[in-house]
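Novice: Please read through the structure below; I'll follow up with questions.
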Amino acid sequence: MASDIILLGHGSGGTLSHRLLDELIVPILSGIGPRDQNDAAVLAPVSGRLAFTTDSYVVDPLFFPGGDIGCLAVYGTINDLAMAGARPLSLSVGLIIEEGLPVADLKRVLESLRAAADRCGVGIVTGDTKVVPRGKADQLFINTAGIGVLEHALEIKGSGARPGDRVLINGPFGDHGMAVLVAREGLELTAPIVSDCAPLHELVGELLAELGDAVHVLRDPTRGGVATTLKELARQSDVAIVLDEAALPVTPAVAGACAILGLDPLFVANEGKLLACVAPEAVEAALAIMRRHAPAGESGPAIIGEVVGESGGKVRLRTAIGGVRAIEMLAGEQLPRIC
Amino acid sequence: MSLFAPFRDPALARGQLAAIRRTVADHAGTMTLMEVCGTHTMAICQHGIRALLPDRIRLISGPGCPVCVTPVGYVDHAVALARRPATVIATFGDMVRVPGSSSSLLREQAAGAMIRIVYSPLDAVTLAEKHPDRTVVFLGVGFETTAPTVAGAIVTAKRQGLTNFFVLCAHKTIPIPMAVLADDPELQVDGYLCPAHVSVIIGADAYQPLAGQHHVPCVITGFEPLDVLQGVLMLARQIKAGAARVETQYRRVVRPEGNLKARALLAEVFEPCDAGWRGIGTIPGSGLQLRPAYAAFDAAVQLPVTVEPPREHAGCRCGEILKGKLRPSDCPLFRTVCTPEEPVGACMVSSEGTCAAEYKYG
C-alpha cells in the first residue's frame, strides 16, 4: 500500500482497488488467495434450520474504550444469530470507506474484525469494498450479514414470553452506549466506562443445551436499550412485564454519567447483554450459567422482573420507594437536557 | 453501593409517607403544592411519587422547564439564524426538537444547517475558536442554574478576543413568576417545592419575599425521592400550622446566600429585562439580557435576520399546563395529535416537560 490514506481510486475497480484488496483487506480478513476468489462463496451443506441476519455499523468514534467498529460488526451480527438460538457459521463483510480514512485505522479495524471472528469460530467468507467521496460517509461504515444453524427444535422468538416467566439479564447494562457517548463527546469522567461489547453465542448455546424449552425468549438489548427491548417483547407476546427498580444492575459509573447528562440507563444501548424470559423453575440454573460466562470483575446476572398475564404489551417499573410507573419507548434519540 | 441508594431507601420512604399521612389526616381540605423545576416534575413521575401520596395532597407542575417556557418566537429566531451562511447553532440537546412556527432546529439540520449539541457553553466557545471562519451562536436558554455558565462562556470569549461567538439570550429567573402565580386566584398554590439547583445559585434568601409578602410556604427540595417526600412533609407541616416560611430541605448544598461567585458573574454580564413566557405572557423583570458592555456578543443585536411571525397551534393548552391549571390529560391534543414523535407544544418536547413526563411515565 503506497498511500497512507484511502483514496477514491481505491474503490475504482482498477489496480488501486486490487492492491487494497490483495495487500490489506483479504489477507487480514480471510487469507483466501487470488486464485480462489470468486463472485460468491460456496458453503458446505449443514443439517438443521438456518438463521440469517444482517446489520450495519456506523459508530462514531471508530475506536472506543472496550472495542471498535470492527469487533462490534462481528459481535453484533453473531449476537443476532444467537438470539434466534443459532450457532453462527459464516459472515459477510461490506465496507463503505470515506475517502481520506487513514490506512492505519482501516488496518486496525480489520485486524479487530478478524480477531473477533476467530474468537467466535466463524469464517468471513465474502465481502465488498466501496470508497465514497469525502463527506459522503463518516469515516467507515461496515455491514455484516451472518448465517447460523439451529441444532435443536426449540422455538426462540419474541412472542414466546409467558405469564410467570422471570426476566433475566446477564449483567449490568448501559455500559456500551455510555462508553461510546463519553468517547465521542470527549467528556472527562473520573470513573472510566468500558463497552461491554462481547459475543453471546456460547452463553446461549449452554442455556439452550441445559434448559431447553424452559427458555422462552432471548433478545439482546442493543439500540433503545433494555426498556425498548422489553416493550417490544411485551407487545409481541401480548403480556405485561413488571420490572423491579431495586434489582436493575447498573454500575455506579454508568449511573453517575447518566445522571449528569439527564439520560436513563434503561434506554442506553448494550452490545454484550441479553435479556431472557425463563420459566420460574429454570431460573437458578440460568443464573448459574450466566455467572460462568460473566466477565471477571463484572457484578453478574440479575432477575430484573416478571412476565404477568395481562394483555396490551405494557411494561411497568416498581420504583425503589414503592411507586409504580409505566415505561414507554422513546420517540427519538435521548437528548441531554439543559440543567 | 450506588451513590443514589441512600436517597431511595424504601424503609425511610415508608416512614416519610406515614408522617405525611398523619400530618394531613386532620387537615380540612386539599393542599396544592407546586413544583417549579422540570427535574422535580420528572422525579415525581419517574419514582411514582404522586400515587403514593394521600389524595389530599395535590402536586401541580409550574413553569419550571426552561425549554417549555421559551416562546415560539425564540425558536423561529434560532431557525432564522441557522439559515445564515457559515453559521453554527450550538445548543443543549433539548432545544433541537422544539417546534417553531414552521420548522425546528432538527429539521434545519436535516436540511443542511450546522446544529451542534454541546454539553457546556464553553464547548461553544471552543467551537468558535477552532472555526474562525464560522459564526457560532449559542442558544442561551435556562434559569439561574444555567445562566452563570453562559455568563462564564461570554467572559471567556471576551478575554480571548473572539469576534465570532454570540449568544441568543432568553435566560429567565424563577422567583418573579412564582410570585405572579402565587397571586393567581384561579390557582390557589398552598406551597412551593422550590427548585434545588437554581437555589444553589440564588440562595434560600431569594424566596423570602414570596413567603413574607405573598404568604406562600417555600421548601427548597432536592431531586431524589426521599428529598421530594421530605419536602412535601415540611410543606404539609407549615400549611397545617398556618405558617409561611422559607425552609431548606436540600441543606447538603443550598446556602442562604447562594453561590456568591456565580451571582457576581450573573450581575457582571446580565441585567434584568421583561421576558415572554410561553403560555403566561410577558412578566416584567423576569428575564436576563446582556449588559451593554457585552452587546458585542448579543446575537439579537449583531446578527440581524428576518424572523417569521410566531404562530401557535390553535388547540395547544401548554399555557394552562405550564401554570398548573390543567393536567396534560385535560388537553385535547395530548396523546392524540401531540405525542413525543410529533410534539405540538413545548411541554411535550422537552424531556422535563410536564406532558412528556406524563406521557412517558403516566
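Residues in the C-alpha cells are numbered from 1 in each chain, the chains being A, B, ... in the order shown, and ligands are numbered from 1 in the order shown.
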Enumerate the residues of region 144-335 of chain A with a DSSP assignment of strand (DSSP E or B), computed from the backbone, and present them as a PyMOL selection string.

Specialist: chain A and resi 144-150+166-169+215-219+240-244+275-278+302-308+315-318+324-327

Novice: Go ahead and save the residues from that selection, with C-alpha atoms, as a PDB file, in the first residue's frame.

Specialist:
```
ATOM      1  CA  THR A 144     -22.093  -7.700   8.113  1.00  0.00           C
ATOM      2  CA  ALA A 145     -24.532 -10.480   7.351  1.00  0.00           C
ATOM      3  CA  GLY A 146     -24.378 -13.801   9.135  1.00  0.00           C
ATOM      4  CA  ILE A 147     -25.601 -17.349   8.673  1.00  0.00           C
ATOM      5  CA  GLY A 148     -26.074 -19.730  11.572  1.00  0.00           C
ATOM      6  CA  VAL A 149     -27.560 -23.150  12.133  1.00  0.00           C
ATOM      7  CA  LEU A 150     -30.189 -24.227  14.685  1.00  0.00           C
ATOM      8  CA  ARG A 166     -38.833 -14.343  35.060  1.00  0.00           C
ATOM      9  CA  VAL A 167     -36.903 -11.715  33.107  1.00  0.00           C
ATOM     10  CA  LEU A 168     -33.150 -12.166  33.459  1.00  0.00           C
ATOM     11  CA  ILE A 169     -30.236 -10.053  32.271  1.00  0.00           C
ATOM     12  CA  VAL A 215     -36.000 -20.639  27.748  1.00  0.00           C
ATOM     13  CA  HIS A 216     -38.847 -18.789  26.053  1.00  0.00           C
ATOM     14  CA  VAL A 217     -37.349 -15.558  24.749  1.00  0.00           C
ATOM     15  CA  LEU A 218     -33.835 -14.287  24.117  1.00  0.00           C
ATOM     16  CA  ARG A 219     -33.167 -10.742  22.929  1.00  0.00           C
ATOM     17  CA  ALA A 240     -47.188  -7.217  30.603  1.00  0.00           C
ATOM     18  CA  ILE A 241     -43.727  -7.060  32.148  1.00  0.00           C
ATOM     19  CA  VAL A 242     -43.178  -5.693  35.640  1.00  0.00           C
ATOM     20  CA  LEU A 243     -39.624  -4.592  36.431  1.00  0.00           C
ATOM     21  CA  ASP A 244     -38.163  -4.138  39.877  1.00  0.00           C
ATOM     22  CA  LEU A 275     -32.487 -10.472  28.174  1.00  0.00           C
ATOM     23  CA  ALA A 276     -34.050 -13.886  28.729  1.00  0.00           C
ATOM     24  CA  CYS A 277     -37.607 -14.817  29.649  1.00  0.00           C
ATOM     25  CA  VAL A 278     -37.224 -18.083  31.517  1.00  0.00           C
ATOM     26  CA  ALA A 302     -29.845 -10.453  37.823  1.00  0.00           C
ATOM     27  CA  ILE A 303     -33.558 -11.245  37.863  1.00  0.00           C
ATOM     28  CA  ILE A 304     -34.978  -7.860  36.904  1.00  0.00           C
ATOM     29  CA  GLY A 305     -38.666  -8.566  36.534  1.00  0.00           C
ATOM     30  CA  GLU A 306     -41.558 -10.858  35.821  1.00  0.00           C
ATOM     31  CA  VAL A 307     -43.991 -11.512  32.988  1.00  0.00           C
ATOM     32  CA  VAL A 308     -47.617 -11.132  34.037  1.00  0.00           C
ATOM     33  CA  VAL A 315     -44.077  -2.530  30.805  1.00  0.00           C
ATOM     34  CA  ARG A 316     -44.185  -1.185  34.347  1.00  0.00           C
ATOM     35  CA  LEU A 317     -41.453  -0.398  36.823  1.00  0.00           C
ATOM     36  CA  ARG A 318     -41.857  -0.816  40.582  1.00  0.00           C
ATOM     37  CA  VAL A 324     -45.128   2.328  40.014  1.00  0.00           C
ATOM     38  CA  ARG A 325     -44.559   3.934  36.639  1.00  0.00           C
ATOM     39  CA  ALA A 326     -45.105   2.979  33.032  1.00  0.00           C
ATOM     40  CA  ILE A 327     -42.216   2.540  30.621  1.00  0.00           C
TER      41      ILE A 327
END
```

Novice: Write out, as CSV, each residue of chain B that has an atom at most 9 Å from chain A, together with the closest pair of atoms and their distance in Å to one decimal, counting only C-alpha atoms, rows going by chain and rising number.

Specialist:
```
residue,atom,partner,partner_atom,distance
B:Met1,CA,A:Pro252,CA,7.8
B:Ser2,CA,A:Pro252,CA,5.6
B:Leu3,CA,A:Pro252,CA,6.8
B:Phe4,CA,A:Ala255,CA,8.7
B:Ala5,CA,A:Ala320,CA,8.8
B:Arg8,CA,A:Ile321,CA,6.0
B:Asp9,CA,A:Ile321,CA,6.5
B:Pro10,CA,A:Ile321,CA,4.5
B:Ala11,CA,A:Ile321,CA,8.0
B:Leu12,CA,A:Ile321,CA,8.6
B:Ala13,CA,A:Ile321,CA,5.9
B:Arg14,CA,A:Ile321,CA,7.6
B:Thr39,CA,A:Cys339,CA,8.3
B:Cys45,CA,A:Arg325,CA,7.1
B:Gln46,CA,A:Arg325,CA,6.6
B:His47,CA,A:Thr319,CA,5.5
B:Gly48,CA,A:Gly323,CA,4.2
B:Ile49,CA,A:Gly323,CA,5.9
B:Arg50,CA,A:Gly323,CA,8.3
B:Ala51,CA,A:Gly323,CA,6.8
B:Leu52,CA,A:Gly323,CA,6.3
B:Pro66,CA,A:Ile338,CA,7.8
B:Val67,CA,A:Ile338,CA,8.2
B:Thr91,CA,A:Ile338,CA,8.9
B:Phe92,CA,A:Ile338,CA,5.6
B:Gly93,CA,A:Leu335,CA,5.0
B:Asp94,CA,A:Arg337,CA,5.3
B:Met95,CA,A:Ile338,CA,8.4
B:Val96,CA,A:Leu335,CA,8.9
B:Ile117,CA,A:Pro336,CA,8.6
B:Val118,CA,A:Glu185,CA,8.4
B:Tyr119,CA,A:Pro336,CA,7.7
B:Val141,CA,A:Ile338,CA,7.9
B:Gly142,CA,A:Ile338,CA,6.9
B:Phe143,CA,A:Cys339,CA,8.6
B:Thr145,CA,A:Cys339,CA,6.8
B:Thr146,CA,A:Cys339,CA,6.4
B:His197,CA,A:Cys339,CA,8.5
B:Pro225,CA,A:Ile321,CA,7.4
B:Leu226,CA,A:Ile321,CA,8.3
B:Thr339,CA,A:Ala331,CA,8.4
B:Pro340,CA,A:Ala331,CA,5.4
B:Glu341,CA,A:Ala331,CA,4.8
B:Glu342,CA,A:Ala331,CA,8.6
B:Ser350,CA,A:Arg337,CA,7.9
B:Ser351,CA,A:Arg337,CA,7.1
B:Glu352,CA,A:Arg337,CA,8.0
B:Tyr359,CA,A:Glu328,CA,8.1
B:Lys360,CA,A:Glu328,CA,5.6
B:Tyr361,CA,A:Ala326,CA,4.7
B:Gly362,CA,A:Ala326,CA,5.9
```

Novice: Would you mind writing down, as an MDAnalysis selection string, each residue of region 105-270 of chain A that DSSP on the backbone assigns to alpha helix (DSSP H)?

Specialist: chainID A and resid 105:120 175:185 201:211 225:237 252:261

Novice: Selection from above, C-alpha atoms, as a short mmCIF file (atom, residue, chain, number, x, y, z; two decimals), in the first residue's frame, can you write it?

Specialist:
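What landed in result_35.cif:
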```cif
data_model
loop_
_atom_site.label_atom_id
_atom_site.label_comp_id
_atom_site.auth_asym_id
_atom_site.auth_seq_id
_atom_site.Cartn_x
_atom_site.Cartn_y
_atom_site.Cartn_z
CA ASP A 105 -7.09 2.95 11.08
CA LEU A 106 -8.58 0.64 8.46
CA LYS A 107 -5.92 -1.97 9.22
CA ARG A 108 -6.63 -1.74 12.93
CA VAL A 109 -10.35 -2.20 12.35
CA LEU A 110 -9.81 -5.15 10.01
CA GLU A 111 -7.48 -6.86 12.48
CA SER A 112 -10.04 -6.40 15.23
CA LEU A 113 -12.75 -7.77 12.95
CA ARG A 114 -10.70 -10.87 12.17
CA ALA A 115 -9.75 -11.43 15.83
CA ALA A 116 -13.41 -11.21 16.82
CA ALA A 117 -14.44 -13.67 14.08
CA ASP A 118 -11.68 -16.07 15.19
CA ARG A 119 -12.82 -15.79 18.79
CA CYS A 120 -16.31 -16.81 17.67
CA ASP A 175 -22.02 0.46 29.53
CA HIS A 176 -21.65 0.29 25.74
CA GLY A 177 -23.81 3.29 24.91
CA MET A 178 -22.24 5.43 27.62
CA ALA A 179 -18.68 4.37 26.67
CA VAL A 180 -19.32 5.47 23.07
CA LEU A 181 -21.04 8.70 24.12
CA VAL A 182 -18.26 9.62 26.55
CA ALA A 183 -15.59 8.86 23.90
CA ARG A 184 -17.48 10.79 21.19
CA GLU A 185 -18.07 13.90 23.25
CA HIS A 201 -23.46 -17.39 21.27
CA GLU A 202 -21.62 -19.61 23.74
CA LEU A 203 -23.77 -18.42 26.63
CA VAL A 204 -26.89 -19.00 24.52
CA GLY A 205 -25.63 -22.43 23.44
CA GLU A 206 -25.29 -23.52 27.05
CA LEU A 207 -28.62 -22.03 28.12
CA LEU A 208 -30.43 -23.93 25.37
CA ALA A 209 -28.48 -27.16 25.86
CA GLU A 210 -29.10 -27.26 29.60
CA LEU A 211 -32.52 -25.66 29.93
CA GLY A 225 -31.70 -0.34 25.49
CA VAL A 226 -33.39 -2.66 27.96
CA ALA A 227 -36.60 -0.63 28.12
CA THR A 228 -37.27 -0.58 24.38
CA THR A 229 -36.43 -4.27 24.01
CA LEU A 230 -38.78 -5.29 26.82
CA LYS A 231 -41.50 -3.10 25.39
CA GLU A 232 -41.11 -4.91 22.05
CA LEU A 233 -41.23 -8.30 23.78
CA ALA A 234 -44.31 -7.40 25.82
CA ARG A 235 -46.11 -6.30 22.65
CA GLN A 236 -45.06 -9.34 20.62
CA SER A 237 -46.09 -11.75 23.38
CA PRO A 252 -22.08 3.41 39.69
CA ALA A 253 -20.02 4.83 36.79
CA VAL A 254 -22.88 4.42 34.30
CA ALA A 255 -25.49 5.62 36.80
CA GLY A 256 -23.37 8.69 37.55
CA ALA A 257 -22.68 9.55 33.89
CA CYS A 258 -26.38 9.14 33.04
CA ALA A 259 -27.39 11.34 35.96
CA ILE A 260 -25.01 14.09 34.85
CA LEU A 261 -26.33 14.07 31.29
#
```

Novice: Show me, as a ChimeraX atom specification, the residues that have an atom within 7 Å of region 292-305 of chain B when counting only C-alpha atoms, minus same-chain residues fewer than 2 positions from it.

Specialist: /B:80-81,137,165-168,269,290,307

Novice: Just the residues within 10 Å of Leu187 (chain B), please, counting only C-alpha atoms, with nothing from its chain fewer than 5 positions along; format it as a PyMOL selection string.

Specialist: chain B and resi 32+34+60+181-182+323-325

Novice: What is the distance between CA of Glu99 (chain A) and CA of Arg134 (chain A), in Å to one decimal?

Specialist: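 That distance, rounded to one decimal, is 5.1 Å.
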
Novice: For the interface of region 50-96 of chain A with region 20-36 of chain A (cut-off 12 Å, counting only C-alpha atoms), please tabulate each contacting residue of region 50-96 of chain A alongside its nearest pair of atoms and their separation in Å to one decimal, rows sorted by chain and increasing number, as JSON lines.

Specialist:
```
{"residue": "A:Gly70", "atom": "CA", "partner": "A:Leu29", "partner_atom": "CA", "distance": 10.9}
{"residue": "A:Val74", "atom": "CA", "partner": "A:Leu29", "partner_atom": "CA", "distance": 11.7}
{"residue": "A:Ser90", "atom": "CA", "partner": "A:Ser30", "partner_atom": "CA", "distance": 11.3}
{"residue": "A:Leu91", "atom": "CA", "partner": "A:Leu29", "partner_atom": "CA", "distance": 10.7}
{"residue": "A:Ser92", "atom": "CA", "partner": "A:Leu29", "partner_atom": "CA", "distance": 10.3}
{"residue": "A:Val93", "atom": "CA", "partner": "A:Leu29", "partner_atom": "CA", "distance": 9.0}
{"residue": "A:Gly94", "atom": "CA", "partner": "A:Ile25", "partner_atom": "CA", "distance": 11.0}
{"residue": "A:Leu95", "atom": "CA", "partner": "A:Ile25", "partner_atom": "CA", "distance": 9.9}
```

Novice: Just checking: using only C-alpha atoms, which residue out of B:Leu122, B:Val75, B:Ala243, B:Val337 ends up closest to Thr149 (chain B)?

Specialist: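 Nearest to Thr149 (chain B): B:Leu122.
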
Novice: Do you know which residues are at most 10 Å from Lys172 (chain B) counting only C-alpha atoms, after dropping those on the same chain fewer than 3 positions away, and could you put them as a ChimeraX atom specification?

Specialist: /B:66,69-70,140-144,146-147,169,175-177,272-277,285-289

Novice: Point out the residue among A:Ala161, A:Ala41, A:Ala137, A:Ile96 with the least atom-to-atom distance to Gly123 (chain A), counting only C-alpha atoms.

Specialist: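 Counting only C-alpha atoms, the residue closest to Gly123 (chain A) is A:Ala41.
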
Novice: Within 10 Å of Gln109 (chain B), counting only C-alpha atoms, which residues qualify if same-chain residues fewer than 2 places away don't, as a list in words?

Specialist: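 Contacts, with the query itself left out: Val79, Ala82, Arg83, Ile89, Val96, Ser104, Leu105, Leu106, Arg107, Ala111, Gly112, Ala113, Met114, Ile115 and Arg116 of chain B.
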
Novice: Would you mind telling me which residue in B:Ala128, B:Asn259, B:Thr306, B:Met348 lies nearest to Arg84 (chain B) when using only C-alpha atoms?

Specialist: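 Once distances to Arg84 (chain B) are computed over only C-alpha atoms, the minimum belongs to B:Thr306.
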
Novice: At a cut-off of 7 Å, using only C-alpha atoms, what residues contact Gly279 (chain B)? Leave out same-chain residues fewer than 6 positions from it and give the result as a list in words.

Specialist: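 So the residues in contact are Cys318, Gly319, Glu320 and Leu322 of chain B.
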
Novice: Could you save those same residues with N, CA and C atoms as an mmCIF file, in the first residue's frame?

Specialist:
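Contents of out29.cif, freshly written:
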```
data_model
loop_
_atom_site.group_PDB
_atom_site.id
_atom_site.type_symbol
_atom_site.label_atom_id
_atom_site.label_comp_id
_atom_site.auth_asym_id
_atom_site.auth_seq_id
_atom_site.Cartn_x
_atom_site.Cartn_y
_atom_site.Cartn_z
ATOM 1 N N CYS B 318 -50.629 24.309 26.310
ATOM 2 C CA CYS B 318 -49.374 24.404 27.070
ATOM 3 C C CYS B 318 -49.421 25.520 28.133
ATOM 4 N N GLY B 319 -50.031 26.628 27.754
ATOM 5 C CA GLY B 319 -50.048 27.759 28.676
ATOM 6 C C GLY B 319 -50.684 27.408 29.998
ATOM 7 N N GLU B 320 -51.867 26.791 29.949
ATOM 8 C CA GLU B 320 -52.553 26.431 31.194
ATOM 9 C C GLU B 320 -51.836 25.296 31.926
ATOM 10 N N LEU B 322 -48.579 24.885 31.855
ATOM 11 C CA LEU B 322 -47.390 25.489 32.463
ATOM 12 C C LEU B 322 -47.728 26.242 33.745
#
```
